[in-house]
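**Student:** My structure is in protein.txt, and what it holds is compact mmCIF, C-alpha atoms and all ligand atoms:
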# COMPACT_ATOMS: atom_id res chain seq x y z
CA MET A 1 -11.06 -53.71 6.54
CA LYS A 2 -10.15 -57.40 6.51
CA THR A 3 -6.56 -58.61 6.34
CA ARG A 4 -4.80 -61.95 6.29
CA ALA A 5 -2.61 -62.56 9.31
CA ALA A 6 -0.72 -65.29 11.13
CA VAL A 7 -2.18 -65.11 14.64
CA ALA A 8 -0.49 -66.40 17.80
CA PHE A 9 -3.62 -67.47 19.68
CA GLU A 10 -1.64 -69.17 22.45
CA ALA A 11 1.97 -69.57 23.56
CA LYS A 12 3.77 -72.67 22.27
CA LYS A 13 1.14 -73.32 19.56
CA PRO A 14 1.72 -72.88 15.81
CA LEU A 15 0.51 -69.61 14.28
CA GLU A 16 -2.89 -69.79 12.55
CA ILE A 17 -3.54 -68.03 9.25
CA VAL A 18 -6.91 -66.30 9.48
CA GLU A 19 -8.67 -63.21 8.17
CA VAL A 20 -8.81 -60.59 10.93
CA ASP A 21 -10.55 -57.22 11.14
CA LEU A 22 -8.36 -54.13 11.08
CA GLU A 23 -9.60 -50.64 11.98
CA GLY A 24 -8.17 -47.77 9.93
CA PRO A 25 -5.52 -45.37 11.26
CA LYS A 26 -6.52 -42.84 13.92
CA ALA A 27 -4.86 -39.44 14.37
CA GLY A 28 -1.08 -39.69 14.11
CA GLU A 29 -1.24 -43.23 12.72
CA VAL A 30 -0.68 -44.84 9.31
CA LEU A 31 -1.98 -47.95 7.55
CA VAL A 32 0.85 -50.00 6.02
CA GLU A 33 0.58 -52.83 3.51
CA ILE A 34 3.36 -55.18 4.59
CA LYS A 35 5.08 -56.66 1.53
CA ALA A 36 7.64 -58.86 3.31
CA THR A 37 8.67 -59.76 6.85
CA GLY A 38 11.60 -61.61 8.35
CA ILE A 39 11.24 -64.07 11.23
CA CYS A 40 13.59 -63.08 14.08
CA HIS A 41 14.48 -65.26 17.05
CA THR A 42 12.68 -62.74 19.26
CA ASP A 43 9.38 -63.73 17.59
CA ALA A 44 10.14 -67.36 18.49
CA TYR A 45 11.09 -66.38 22.05
CA THR A 46 7.73 -64.65 22.51
CA LEU A 47 5.76 -67.46 20.85
CA ASP A 48 7.53 -69.98 23.09
CA GLY A 49 6.26 -68.10 26.17
CA PHE A 50 9.65 -66.74 27.30
CA ASP A 51 8.78 -63.02 27.00
CA SER A 52 7.64 -61.35 30.22
CA GLU A 53 5.70 -58.91 28.00
CA GLY A 54 4.23 -61.66 25.78
CA ILE A 55 0.45 -61.30 25.35
CA PHE A 56 -1.94 -63.62 23.51
CA PRO A 57 -3.78 -63.64 21.19
CA SER A 58 -1.45 -61.39 19.24
CA ILE A 59 0.02 -60.83 15.80
CA LEU A 60 3.80 -61.20 16.06
CA GLY A 61 6.45 -60.01 13.58
CA HIS A 62 8.64 -56.90 13.82
CA GLU A 63 11.01 -57.12 10.83
CA GLY A 64 8.94 -55.85 7.91
CA ALA A 65 8.86 -53.55 4.91
CA GLY A 66 5.87 -52.20 3.03
CA ILE A 67 3.92 -49.29 1.58
CA ILE A 68 1.83 -46.61 3.29
CA ARG A 69 -1.76 -47.00 2.09
CA GLU A 70 -3.61 -44.49 4.26
CA ILE A 71 -2.73 -41.81 6.80
CA GLY A 72 -4.66 -40.62 9.85
CA ALA A 73 -5.40 -37.01 10.77
CA GLY A 74 -2.37 -34.82 11.38
CA VAL A 75 0.20 -37.14 9.78
CA THR A 76 2.77 -35.04 7.95
CA SER A 77 6.03 -36.99 7.65
CA VAL A 78 4.77 -39.72 5.28
CA LYS A 79 2.09 -40.05 2.60
CA PRO A 80 0.26 -42.86 0.81
CA GLY A 81 2.62 -44.65 -1.57
CA ASP A 82 5.75 -44.10 0.53
CA HIS A 83 7.89 -47.18 1.14
CA VAL A 84 8.58 -47.73 4.83
CA ILE A 85 10.16 -50.01 7.41
CA PRO A 86 8.17 -50.35 10.67
CA LEU A 87 10.16 -49.45 13.80
CA TYR A 88 9.82 -51.32 17.07
CA THR A 89 12.08 -48.63 18.46
CA PRO A 90 10.35 -45.45 17.27
CA GLU A 91 11.93 -42.02 17.05
CA CYS A 92 9.62 -39.20 18.17
CA ARG A 93 12.45 -36.61 18.33
CA GLN A 94 10.66 -34.92 21.25
CA CYS A 95 10.89 -37.14 24.36
CA LYS A 96 13.64 -36.83 26.96
CA SER A 97 15.46 -39.85 25.53
CA CYS A 98 15.38 -38.65 21.91
CA LEU A 99 16.43 -35.14 22.91
CA SER A 100 19.29 -36.47 25.06
CA GLN A 101 21.10 -37.75 21.93
CA LYS A 102 22.49 -40.39 24.34
CA THR A 103 20.18 -43.26 23.41
CA ASN A 104 17.91 -44.57 20.68
CA LEU A 105 15.37 -45.79 23.25
CA CYS A 106 12.52 -43.36 22.50
CA THR A 107 9.99 -43.46 25.32
CA ALA A 108 7.05 -41.73 23.60
CA ILE A 109 4.93 -44.88 23.19
CA ARG A 110 6.93 -47.62 24.97
CA ALA A 111 4.35 -48.19 27.75
CA THR A 112 1.39 -48.91 25.45
CA GLN A 113 3.59 -50.81 22.99
CA GLY A 114 4.58 -53.23 25.76
CA LYS A 115 0.89 -53.83 26.50
CA GLY A 116 0.12 -54.74 22.88
CA VAL A 117 -1.99 -51.68 22.13
CA MET A 118 -1.76 -48.45 20.17
CA PRO A 119 -0.93 -45.18 21.99
CA ASP A 120 -4.66 -44.54 22.68
CA GLY A 121 -4.78 -47.79 24.65
CA THR A 122 -6.81 -49.82 22.13
CA SER A 123 -5.99 -52.44 19.50
CA ARG A 124 -6.77 -51.96 15.80
CA PHE A 125 -6.95 -55.75 15.26
CA SER A 126 -9.88 -58.01 16.17
CA TYR A 127 -11.10 -61.50 15.33
CA LYS A 128 -14.71 -62.64 15.76
CA GLY A 129 -15.37 -59.41 17.68
CA LYS A 130 -12.55 -59.89 20.23
CA PRO A 131 -9.34 -57.84 20.28
CA ILE A 132 -6.08 -59.29 19.01
CA TYR A 133 -3.00 -57.59 20.44
CA HIS A 134 -0.25 -55.80 18.52
CA TYR A 135 3.37 -56.94 19.02
CA MET A 136 6.40 -54.69 19.49
CA GLY A 137 4.26 -51.97 17.90
CA CYS A 138 4.65 -53.64 14.49
CA SER A 139 2.69 -56.91 13.93
CA THR A 140 4.28 -57.54 10.55
CA PHE A 141 2.84 -61.07 10.37
CA SER A 142 -0.29 -59.31 9.10
CA ASN A 143 -0.60 -58.24 5.46
CA PHE A 144 -1.89 -54.85 6.65
CA THR A 145 -1.04 -53.21 9.95
CA VAL A 146 -1.46 -49.84 11.67
CA LEU A 147 1.49 -48.02 13.18
CA PRO A 148 2.11 -44.65 14.81
CA GLU A 149 3.69 -42.17 12.38
CA ILE A 150 6.79 -41.97 14.62
CA ALA A 151 7.28 -45.74 14.17
CA VAL A 152 7.95 -45.84 10.44
CA ALA A 153 11.17 -45.05 8.58
CA LYS A 154 10.67 -43.80 5.03
CA ILE A 155 13.04 -45.60 2.67
CA ARG A 156 14.03 -45.34 -1.02
CA GLU A 157 11.60 -46.96 -3.48
CA ASP A 158 14.14 -49.03 -5.40
CA ALA A 159 15.03 -51.16 -2.35
CA PRO A 160 13.45 -54.63 -2.68
CA PHE A 161 11.01 -55.39 0.14
CA ASP A 162 12.08 -59.04 0.46
CA LYS A 163 15.59 -57.89 1.43
CA SER A 164 15.04 -54.48 3.06
CA CYS A 165 12.64 -56.02 5.62
CA TYR A 166 15.71 -57.56 7.33
CA ILE A 167 16.91 -54.02 8.07
CA GLY A 168 13.82 -53.71 10.30
CA CYS A 169 15.67 -55.76 12.92
CA GLY A 170 18.53 -58.21 12.23
CA VAL A 171 20.80 -56.16 9.99
CA THR A 172 20.45 -52.92 11.93
CA THR A 173 20.82 -54.70 15.28
CA GLY A 174 24.02 -56.53 14.31
CA VAL A 175 25.76 -53.85 12.27
CA GLY A 176 24.51 -51.08 14.60
CA ALA A 177 25.83 -52.88 17.71
CA VAL A 178 29.31 -52.64 16.19
CA VAL A 179 29.10 -49.15 14.72
CA ASN A 180 26.81 -47.27 17.14
CA THR A 181 27.11 -49.11 20.46
CA ALA A 182 30.62 -50.61 20.65
CA LYS A 183 32.17 -48.20 18.15
CA VAL A 184 34.72 -50.85 17.17
CA GLU A 185 38.01 -49.30 15.99
CA PRO A 186 40.18 -50.56 13.11
CA GLY A 187 42.63 -53.22 14.30
CA SER A 188 40.37 -54.50 17.11
CA ASN A 189 40.02 -58.13 18.18
CA VAL A 190 36.34 -59.12 18.21
CA VAL A 191 34.55 -62.25 19.45
CA VAL A 192 30.97 -62.97 18.34
CA PHE A 193 28.95 -65.60 20.22
CA GLY A 194 26.07 -67.05 18.16
CA LEU A 195 26.34 -66.94 14.36
CA GLY A 196 22.67 -66.61 13.45
CA GLY A 197 20.67 -63.82 11.84
CA ILE A 198 22.13 -61.27 14.27
CA GLY A 199 25.66 -62.61 14.83
CA LEU A 200 26.51 -62.71 11.11
CA ASN A 201 25.55 -59.06 10.90
CA VAL A 202 27.87 -58.31 13.83
CA ILE A 203 30.60 -60.08 11.86
CA GLN A 204 29.96 -58.04 8.71
CA GLY A 205 29.83 -54.87 10.83
CA ALA A 206 33.17 -55.75 12.49
CA LYS A 207 34.74 -56.41 9.10
CA MET A 208 33.40 -53.08 7.82
CA ALA A 209 34.84 -51.32 10.92
CA GLY A 210 38.29 -52.76 10.12
CA ALA A 211 38.61 -55.32 12.93
CA ASP A 212 41.75 -57.50 12.61
CA LYS A 213 40.66 -60.73 14.25
CA ILE A 214 36.99 -61.70 14.19
CA ILE A 215 36.39 -64.92 16.13
CA GLY A 216 33.01 -66.62 15.79
CA VAL A 217 31.72 -68.99 18.49
CA ASP A 218 28.83 -71.36 17.83
CA ILE A 219 27.75 -74.83 18.94
CA ASN A 220 26.59 -75.56 15.36
CA ASP A 221 29.56 -76.43 13.11
CA SER A 222 27.63 -75.51 9.96
CA LYS A 223 27.92 -71.85 11.03
CA GLU A 224 31.69 -71.80 10.39
CA GLU A 225 31.26 -71.49 6.64
CA TRP A 226 28.63 -68.79 7.15
CA GLY A 227 30.86 -66.75 9.43
CA ARG A 228 33.87 -66.93 7.08
CA ARG A 229 31.69 -65.66 4.23
CA PHE A 230 31.17 -62.34 6.06
CA GLY A 231 34.69 -61.80 7.44
CA MET A 232 35.16 -64.19 10.38
CA THR A 233 38.85 -65.13 10.71
CA ASP A 234 38.61 -67.92 13.33
CA PHE A 235 35.89 -70.30 14.47
CA VAL A 236 35.43 -72.01 17.84
CA ASN A 237 32.85 -74.66 18.67
CA PRO A 238 32.80 -74.69 22.50
CA LYS A 239 31.77 -78.35 22.43
CA LYS A 240 34.88 -79.33 20.48
CA ILE A 241 37.62 -77.73 22.58
CA THR A 242 39.22 -79.21 25.67
CA GLY A 243 38.68 -77.10 28.76
CA ASP A 244 36.90 -73.83 29.32
CA ILE A 245 36.02 -71.49 26.44
CA VAL A 246 37.13 -68.34 28.28
CA PRO A 247 40.91 -69.11 28.61
CA HIS A 248 40.78 -70.53 25.08
CA LEU A 249 39.50 -67.21 23.72
CA VAL A 250 41.82 -65.17 25.95
CA SER A 251 44.80 -67.02 24.50
CA LEU A 252 43.51 -66.60 20.92
CA THR A 253 43.26 -62.83 21.47
CA ASP A 254 46.59 -62.20 23.26
CA GLY A 255 45.05 -61.50 26.66
CA GLY A 256 41.38 -60.97 25.80
CA ALA A 257 39.15 -59.41 23.18
CA ASP A 258 38.68 -55.69 22.70
CA TYR A 259 34.99 -56.33 22.00
CA THR A 260 32.69 -59.31 22.46
CA PHE A 261 29.05 -59.63 21.45
CA ASP A 262 26.47 -62.07 22.79
CA CYS A 263 24.01 -63.00 20.04
CA THR A 264 22.62 -66.12 21.74
CA GLY A 265 20.37 -64.90 24.58
CA ASN A 266 22.00 -67.53 26.85
CA THR A 267 23.04 -66.01 30.21
CA THR A 268 25.94 -68.45 30.68
CA VAL A 269 27.28 -67.35 27.31
CA MET A 270 26.83 -63.69 28.31
CA ARG A 271 29.15 -64.30 31.29
CA GLN A 272 31.71 -66.03 29.06
CA ALA A 273 31.51 -63.09 26.64
CA LEU A 274 32.29 -60.62 29.43
CA GLU A 275 35.12 -62.71 30.88
CA ALA A 276 36.73 -63.19 27.45
CA CYS A 277 37.29 -59.39 27.31
CA HIS A 278 40.72 -57.86 27.79
CA ARG A 279 41.57 -56.71 31.31
CA GLY A 280 41.50 -52.91 31.59
CA TRP A 281 39.37 -52.07 28.57
CA GLY A 282 37.48 -54.94 26.91
CA THR A 283 33.80 -54.28 26.32
CA SER A 284 31.09 -56.91 26.05
CA ILE A 285 27.81 -56.04 24.37
CA VAL A 286 24.66 -58.03 25.24
CA ILE A 287 22.41 -58.30 22.20
CA GLY A 288 20.69 -61.63 22.94
CA VAL A 289 17.34 -61.53 24.70
CA ALA A 290 17.24 -63.90 27.67
CA GLU A 291 14.25 -65.90 28.81
CA SER A 292 12.00 -64.29 31.41
CA GLY A 293 13.44 -64.81 34.91
CA LYS A 294 17.04 -65.40 33.80
CA GLU A 295 19.78 -63.22 35.30
CA ILE A 296 23.43 -62.53 34.50
CA ALA A 297 26.27 -62.92 37.01
CA THR A 298 30.02 -62.45 37.20
CA ARG A 299 32.62 -61.70 39.86
CA PRO A 300 32.59 -57.91 40.42
CA PHE A 301 36.40 -58.18 40.10
CA GLN A 302 35.82 -58.58 36.34
CA LEU A 303 34.45 -55.03 36.29
CA VAL A 304 36.86 -53.67 38.91
CA THR A 305 39.63 -54.73 36.56
CA GLY A 306 38.26 -52.69 33.72
CA ARG A 307 35.96 -54.87 31.67
CA ASN A 308 32.74 -53.15 30.55
CA TRP A 309 29.33 -54.80 30.31
CA ARG A 310 26.78 -53.07 28.10
CA GLY A 311 23.70 -53.86 26.05
CA THR A 312 22.04 -52.65 22.90
CA ALA A 313 18.52 -52.60 21.44
CA PHE A 314 18.06 -52.24 17.68
CA GLY A 315 21.80 -51.67 17.40
CA GLY A 316 21.52 -48.25 18.99
CA ALA A 317 19.93 -47.01 15.76
CA ARG A 318 17.60 -44.02 15.68
CA GLY A 319 15.11 -45.55 13.30
CA ARG A 320 13.77 -42.68 11.22
CA THR A 321 17.25 -41.17 10.88
CA ASP A 322 19.50 -44.24 10.57
CA VAL A 323 17.38 -46.91 8.82
CA PRO A 324 17.25 -45.05 5.45
CA LYS A 325 21.07 -44.79 5.63
CA ILE A 326 21.42 -48.53 6.23
CA VAL A 327 19.15 -49.16 3.24
CA ASP A 328 21.60 -46.99 1.23
CA TRP A 329 24.53 -49.06 2.57
CA TYR A 330 22.80 -52.18 1.25
CA MET A 331 21.86 -50.65 -2.10
CA ASN A 332 25.43 -49.31 -2.55
CA GLY A 333 26.99 -52.71 -1.74
CA LYS A 334 28.58 -51.61 1.56
CA ILE A 335 26.76 -54.42 3.41
CA GLN A 336 25.32 -57.72 2.22
CA ILE A 337 21.83 -59.04 2.87
CA ASP A 338 20.88 -61.39 0.02
CA PRO A 339 22.98 -64.44 1.01
CA MET A 340 21.66 -64.38 4.58
CA ILE A 341 18.08 -64.80 3.39
CA THR A 342 18.14 -68.56 3.14
CA HIS A 343 14.40 -69.21 2.82
CA VAL A 344 11.51 -67.29 1.21
CA LEU A 345 8.09 -68.49 2.34
CA LYS A 346 4.40 -67.77 1.79
CA LEU A 347 2.37 -66.64 4.81
CA GLU A 348 0.76 -70.11 4.90
CA GLU A 349 4.27 -71.58 5.41
CA ILE A 350 5.28 -69.28 8.27
CA ASN A 351 5.46 -72.05 10.89
CA LYS A 352 8.08 -73.77 8.73
CA GLY A 353 10.23 -70.63 9.19
CA PHE A 354 10.12 -71.13 12.98
CA ASP A 355 11.00 -74.84 12.59
CA LEU A 356 13.98 -74.05 10.35
CA MET A 357 15.26 -71.55 12.92
CA HIS A 358 14.94 -74.01 15.80
CA GLU A 359 16.67 -76.71 13.74
CA GLY A 360 19.58 -74.32 12.97
CA LYS A 361 18.94 -74.76 9.23
CA SER A 362 18.17 -71.14 8.30
CA ILE A 363 19.86 -67.81 8.77
CA ARG A 364 16.80 -65.71 7.93
CA SER A 365 13.45 -66.86 6.61
CA VAL A 366 11.43 -64.13 4.94
CA VAL A 367 7.68 -64.29 4.35
CA VAL A 368 6.46 -62.48 1.23
CA TYR A 369 2.80 -61.49 0.96
P1 LIG B 1 19.33 -67.33 15.60
O1 LIG B 1 18.53 -68.46 16.11
O2 LIG B 1 19.32 -67.03 14.14
O3 LIG B 1 20.86 -67.49 16.02
C1 LIG B 1 21.29 -67.89 17.29
C2 LIG B 1 22.65 -68.58 17.12
O4 LIG B 1 23.19 -68.83 18.42
C3 LIG B 1 22.56 -69.95 16.41
O5 LIG B 1 23.52 -70.03 15.39
C4 LIG B 1 22.86 -70.95 17.53
O6 LIG B 1 23.47 -72.13 17.05
C5 LIG B 1 23.78 -70.12 18.42
N1 LIG B 1 23.84 -70.60 19.81
C6 LIG B 1 22.81 -71.01 20.59
N2 LIG B 1 23.27 -71.37 21.80
C7 LIG B 1 24.62 -71.17 21.80
C8 LIG B 1 25.65 -71.35 22.74
N3 LIG B 1 25.39 -71.82 23.96
N4 LIG B 1 26.90 -71.02 22.39
C9 LIG B 1 27.18 -70.54 21.14
N5 LIG B 1 26.23 -70.36 20.19
C10 LIG B 1 24.98 -70.67 20.52
O7 LIG B 1 18.82 -66.05 16.41
P2 LIG B 1 18.96 -64.49 15.98
O8 LIG B 1 17.76 -64.08 15.22
O9 LIG B 1 20.32 -64.27 15.44
O10 LIG B 1 18.84 -63.79 17.43
C11 LIG B 1 19.89 -63.94 18.37
C12 LIG B 1 19.50 -63.32 19.70
O11 LIG B 1 19.42 -61.90 19.56
C13 LIG B 1 18.13 -63.75 20.22
O12 LIG B 1 18.21 -63.86 21.63
C14 LIG B 1 17.23 -62.59 19.85
O13 LIG B 1 16.08 -62.52 20.66
C15 LIG B 1 18.18 -61.43 20.08
N6 LIG B 1 17.88 -60.16 19.39
C16 LIG B 1 18.12 -59.02 20.09
C17 LIG B 1 17.94 -57.79 19.49
C18 LIG B 1 18.21 -56.52 20.23
O14 LIG B 1 17.82 -55.45 19.77
N7 LIG B 1 18.91 -56.57 21.36
C19 LIG B 1 17.47 -57.73 18.17
C20 LIG B 1 17.26 -58.93 17.48
C21 LIG B 1 17.48 -60.15 18.11
N1 LIG B 2 9.99 -57.79 26.13
C1 LIG B 2 11.19 -58.36 26.68
C2 LIG B 2 12.43 -57.77 26.15
C3 LIG B 2 12.59 -58.01 24.67
C4 LIG B 2 13.70 -57.13 24.17
O1 LIG B 2 14.71 -56.90 24.86
N2 LIG B 2 13.54 -56.62 22.97
C5 LIG B 2 14.57 -55.82 22.32
C6 LIG B 2 14.41 -55.97 20.86
S1 LIG B 2 14.59 -57.64 20.33
C7 LIG B 2 14.32 -57.48 18.69
O2 LIG B 2 14.43 -58.69 18.09
C8 LIG B 2 14.39 -54.33 22.62
O3 LIG B 2 14.32 -53.48 21.75
N3 LIG B 2 14.37 -53.98 23.85
C9 LIG B 2 14.16 -52.64 24.29
C10 LIG B 2 12.70 -52.37 24.56
O4 LIG B 2 12.37 -51.24 24.89
O5 LIG B 2 11.91 -53.34 24.44
C11 LIG B 2 11.16 -58.35 28.20
O6 LIG B 2 12.12 -58.83 28.80
O7 LIG B 2 10.16 -57.87 28.75
ZN ZN B 3 14.23 -58.99 16.03
Rewrite the structure from the file as structure tokens, please.
**Tutor:**
Amino acid sequence: MKTRAAVAFEAKKPLEIVEVDLEGPKAGEVLVEIKATGICHTDAYTLDGFDSEGIFPSILGHEGAGIIREIGAGVTSVKPGDHVIPLYTPECRQCKSCLSQKTNLCTAIRATQGKGVMPDGTSRFSYKGKPIYHYMGCSTFSNFTVLPEIAVAKIREDAPFDKSCYIGCGVTTGVGAVVNTAKVEPGSNVVVFGLGGIGLNVIQGAKMAGADKIIGVDINDSKEEWGRRFGMTDFVNPKKITGDIVPHLVSLTDGGADYTFDCTGNTTVMRQALEACHRGWGTSIVIGVAESGKEIATRPFQLVTGRNWRGTAFGGARGRTDVPKIVDWYMNGKIQIDPMITHVLKLEEINKGFDLMHEGKSIRSVVVY
């Protein structure tokens, strides 16, 4: 079939809207009509050439929602007409990682996914007879896409696509980092670095978990109002304080935070986030994705004296199990999504969504098909 898609032909170039060829689903795969997709900073990071796994030409996008239109041989868990959210972290329920119950990082198809192909080693997308690569196993910047059955979460049909798509990455990552990875307890002091599409979800997760003090840190002053809207109690712009941010935060939290979260992808900030943790127990969670080649550093003494440095992908969520529950949280009013979707765009306007993100003018832009 033919489908409209925004193709990343080259790094650092705007996406081009073209009609591409899409092969139907093979065994164990499903064809999904994507109804809406968010634009996450990770898409921008890959388009900007910072992803060591970035491949071009490819169809980016990993924060979508849509409807199953066709199923391949042997597919049993979903059927045509089901509403689904594509999962860049699948859940096969059979691999060593899934069976361990210690991680959400299913390994069933990770190797081929990182190479931009389906589990059989080939791409379903092509343009003028040449393959176009998949991205993060999702490629939601295409109106139709093919996914492995284990990489879709079936969700309730009354959830609006233009909001539930955000659960495909940003919402689940931010809220899940608090609930699944850090397991923030009521009364905790929390510091969130970077108040964008992920950081605001960390803030709403921390509020939901009953944190006392929720300090937001951002170099963009306009984010203060955004943070307060979701439960932030204090705001710090590192450019506006005198001296170093770490002692400033340590004094605001009576000796250091119980939990800190990096939602910037900046390795200097990641170090500050660790060092702002309380001696003896503070835990810092790395969410931000750093540019290829960047490394994190700290004095080992920071760890010897009891600070913990951890990371999280997709908020530690097991997609097929947890995503439908997060959709329920949204539908039942336990978490908010609507106000964070600042811009709704047509596919033809997708590059504007990237510009708005880089200019710090959007929280989430969503493309509706
Ligand atoms: P975003 O662009 O919406 O937000 C980033 C925020 O960080 C902005 O408000 C910006 O002003 C702020 N910022 C930038 N530099 C800063 C600094 N030095 N100090 C303080 N604040 C700073 O991006 P997003 O979509 O929220 O994504 C955030 C990060 O999370 C990205 O690195 C993205 O790739 C990553 N991410 C990771 C996962 C995961 O599973 N681990 C999932 C989604 C996104
Ligand atoms: N491909 C990059 C790493 C990118 C990365 O860390 N991705 C996160 C999700 S970001 C979503 O917006 C992730 O899930 N990581 C775990 C995984 O298995 O990819 C690189 O450095 O090569
Ligand atoms: Zn993302």
**Student:** Identify which of the residues A:Arg299, A:Lys96, A:Arg4, A:Arg364 lies closest to ligand ZN 3 (chain B), counting only C-alpha atoms and all ligand atoms when measuring atom-to-atom distances.
**Tutor:**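 Counting only C-alpha atoms and all ligand atoms, the residue closest to ligand ZN 3 (chain B) is A:Arg364.
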**Student:** Taking only C-alpha atoms and all ligand atoms into account, which residues are within 7 Å of ligand ZN 3 (chain B), as a PyMOL selection string?
**Tutor:** chain A and resi 40-43+62-63+169-170
**Student:** Rank nothing, just name the residue among A:Asp48, A:Glu157, A:Asp162, A:Asp262 nearest to Gly64 in chain A, using all atoms listed in the file.
**Tutor:**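 For Gly64 in chain A, the nearest of the given residues is A:Asp162.
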**Student:** What is the CA of Val20 in chain A-atom O12 of ligand LIG 1 (chain B) distance in Å, reported with one decimal?
**Tutor:** 29.2 Å
**Student:** Which protein, DNA or RNA residues have an atom at most 12 Å from (29.1, -70.3, 15.7), counting only C-alpha atoms? List them as a VMD selection string.
**Tutor:** chain A and resid 191 to 200 203 214 to 228 232 234 to 240 262 to 264 360 363
**Student:** List every residue of chain A that has an atom at most 7 Å from any atom of ligand LIG 2 (chain B), giving for each one its closest atom pair and the distance in Å to one decimal, counting all atoms listed in the file, sorted by chain and then by ascending residue number, as a tab-separated table.
**Tutor:**
residue	atom	partner	partner_atom	distance
A:Cys40	CA	B:LIG2	O2	6.0
A:His41	CA	B:LIG2	O2	6.7
A:Thr42	CA	B:LIG2	O2	4.6
A:Asp51	CA	B:LIG2	C1	5.3
A:Ser52	CA	B:LIG2	O7	4.5
A:Glu53	CA	B:LIG2	O7	4.6
A:Gly54	CA	B:LIG2	N1	6.9
A:Tyr88	CA	B:LIG2	O3	6.8
A:Thr89	CA	B:LIG2	O3	6.3
A:Leu105	CA	B:LIG2	O4	6.4
A:Arg110	CA	B:LIG2	O4	6.5
A:Cys169	CA	B:LIG2	O2	6.1
A:Val289	CA	B:LIG2	O1	5.3
A:Ser292	CA	B:LIG2	O6	6.1
A:Ala313	CA	B:LIG2	O3	4.3
A:Phe314	CA	B:LIG2	O3	5.7
**Student:** So the first atom is CA of Gly187 in chain A and the second is CA of Gly210 in chain A; what is the distance between them in Å, to one decimal place?
**Tutor:**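 Pair CA of Gly187 in chain A / CA of Gly210 in chain A returns 6.0 Å.
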**Student:** Counting only C-alpha atoms, what is within 12 Å of Lys334 in chain A, bar same-chain residues fewer than 6 positions away, as JSON, numbers by chain?
**Tutor:** {"A": [175, 204, 205, 207, 208, 209, 230, 325, 326, 327, 328]}
**Student:** Rank nothing, just name the residue among A:Glu91, A:Asp355, A:Asp82, A:Glu33 nearest to Arg318 in chain A, using only C-alpha atoms.
**Tutor:**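 Looking only at the distances to Arg318 in chain A, the closest residue turns out to be A:Glu91.
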**Student:** Closest to ligand LIG 1 (chain B) among A:Val84, A:Met270, A:Val304, A:Leu345, using all atoms listed in the file?
**Tutor:**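 Among A:Val84, A:Met270, A:Val304, A:Leu345, it is A:Met270 that comes nearest to ligand LIG 1 (chain B).
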**Student:** So which one's closest to ligand LIG 1 (chain B), A:Thr46, A:Asn189, A:Thr283, A:Thr260? Using only C-alpha atoms and all ligand atoms, please.
**Tutor:** A:Thr46
**Student:** If you take every atom of range 62-74 of chain A that the file lists and fit an axis-aligned box around them with 6 Å extra on each side, what centre and edge lengths come out in Å to one decimal, as AutoDock Vina command-line options?
**Tutor:**
--center_x 2.8 --center_y -46.0 --center_z 7.7 --size_x 28.4 --size_y 34.3 --size_z 24.2
**Student:** If you count only C-alpha atoms, which residues fall within 10 Å of Phe56 in chain A, apart from same-chain ones fewer than 6 positions away, as a list in words?
**Tutor:** Val7, Ala8, Phe9, Glu10, Ala11, Thr46, Leu47, Gly49, Gly116, Pro131, Ile132, Tyr133, His134 and Tyr135 of chain A
**Student:** Point out the residue among A:Val190, A:Ile245, A:Ala151, A:Val32 with the least atom-to-atom distance to ligand LIG 1 (chain B), counting only C-alpha atoms and all ligand atoms.
**Tutor:** A:Ile245
**Student:** In the coordinates of the file, take the point (7.9, -53.9, 14.6) and a cut-off of 7 Å; then, counting all atoms listed in the file, name each qualifying protein, DNA or RNA residue as JSON, numbers by chain.
**Tutor:** {"A": [61, 62, 63, 86, 87, 88, 136, 137, 138, 139, 140]}
**Student:** So how far away is CA of Ala177 in chain A from CA of His278 in chain A, in Å?
**Tutor:**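 Rounded to one decimal, the two atoms are 18.7 Å apart.
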**Student:** Determine, counting all atoms listed in the file, which protein, DNA and RNA residues have an atom within 12 Å of an atom of Asp258 in chain A; residues of the same chain fewer than 2 positions away are not included. Present the result as a ChimeraX atom specification.
**Tutor:** /A:178,182-192,206,211-215,249-250,253-256,260-261,273-285,306-308
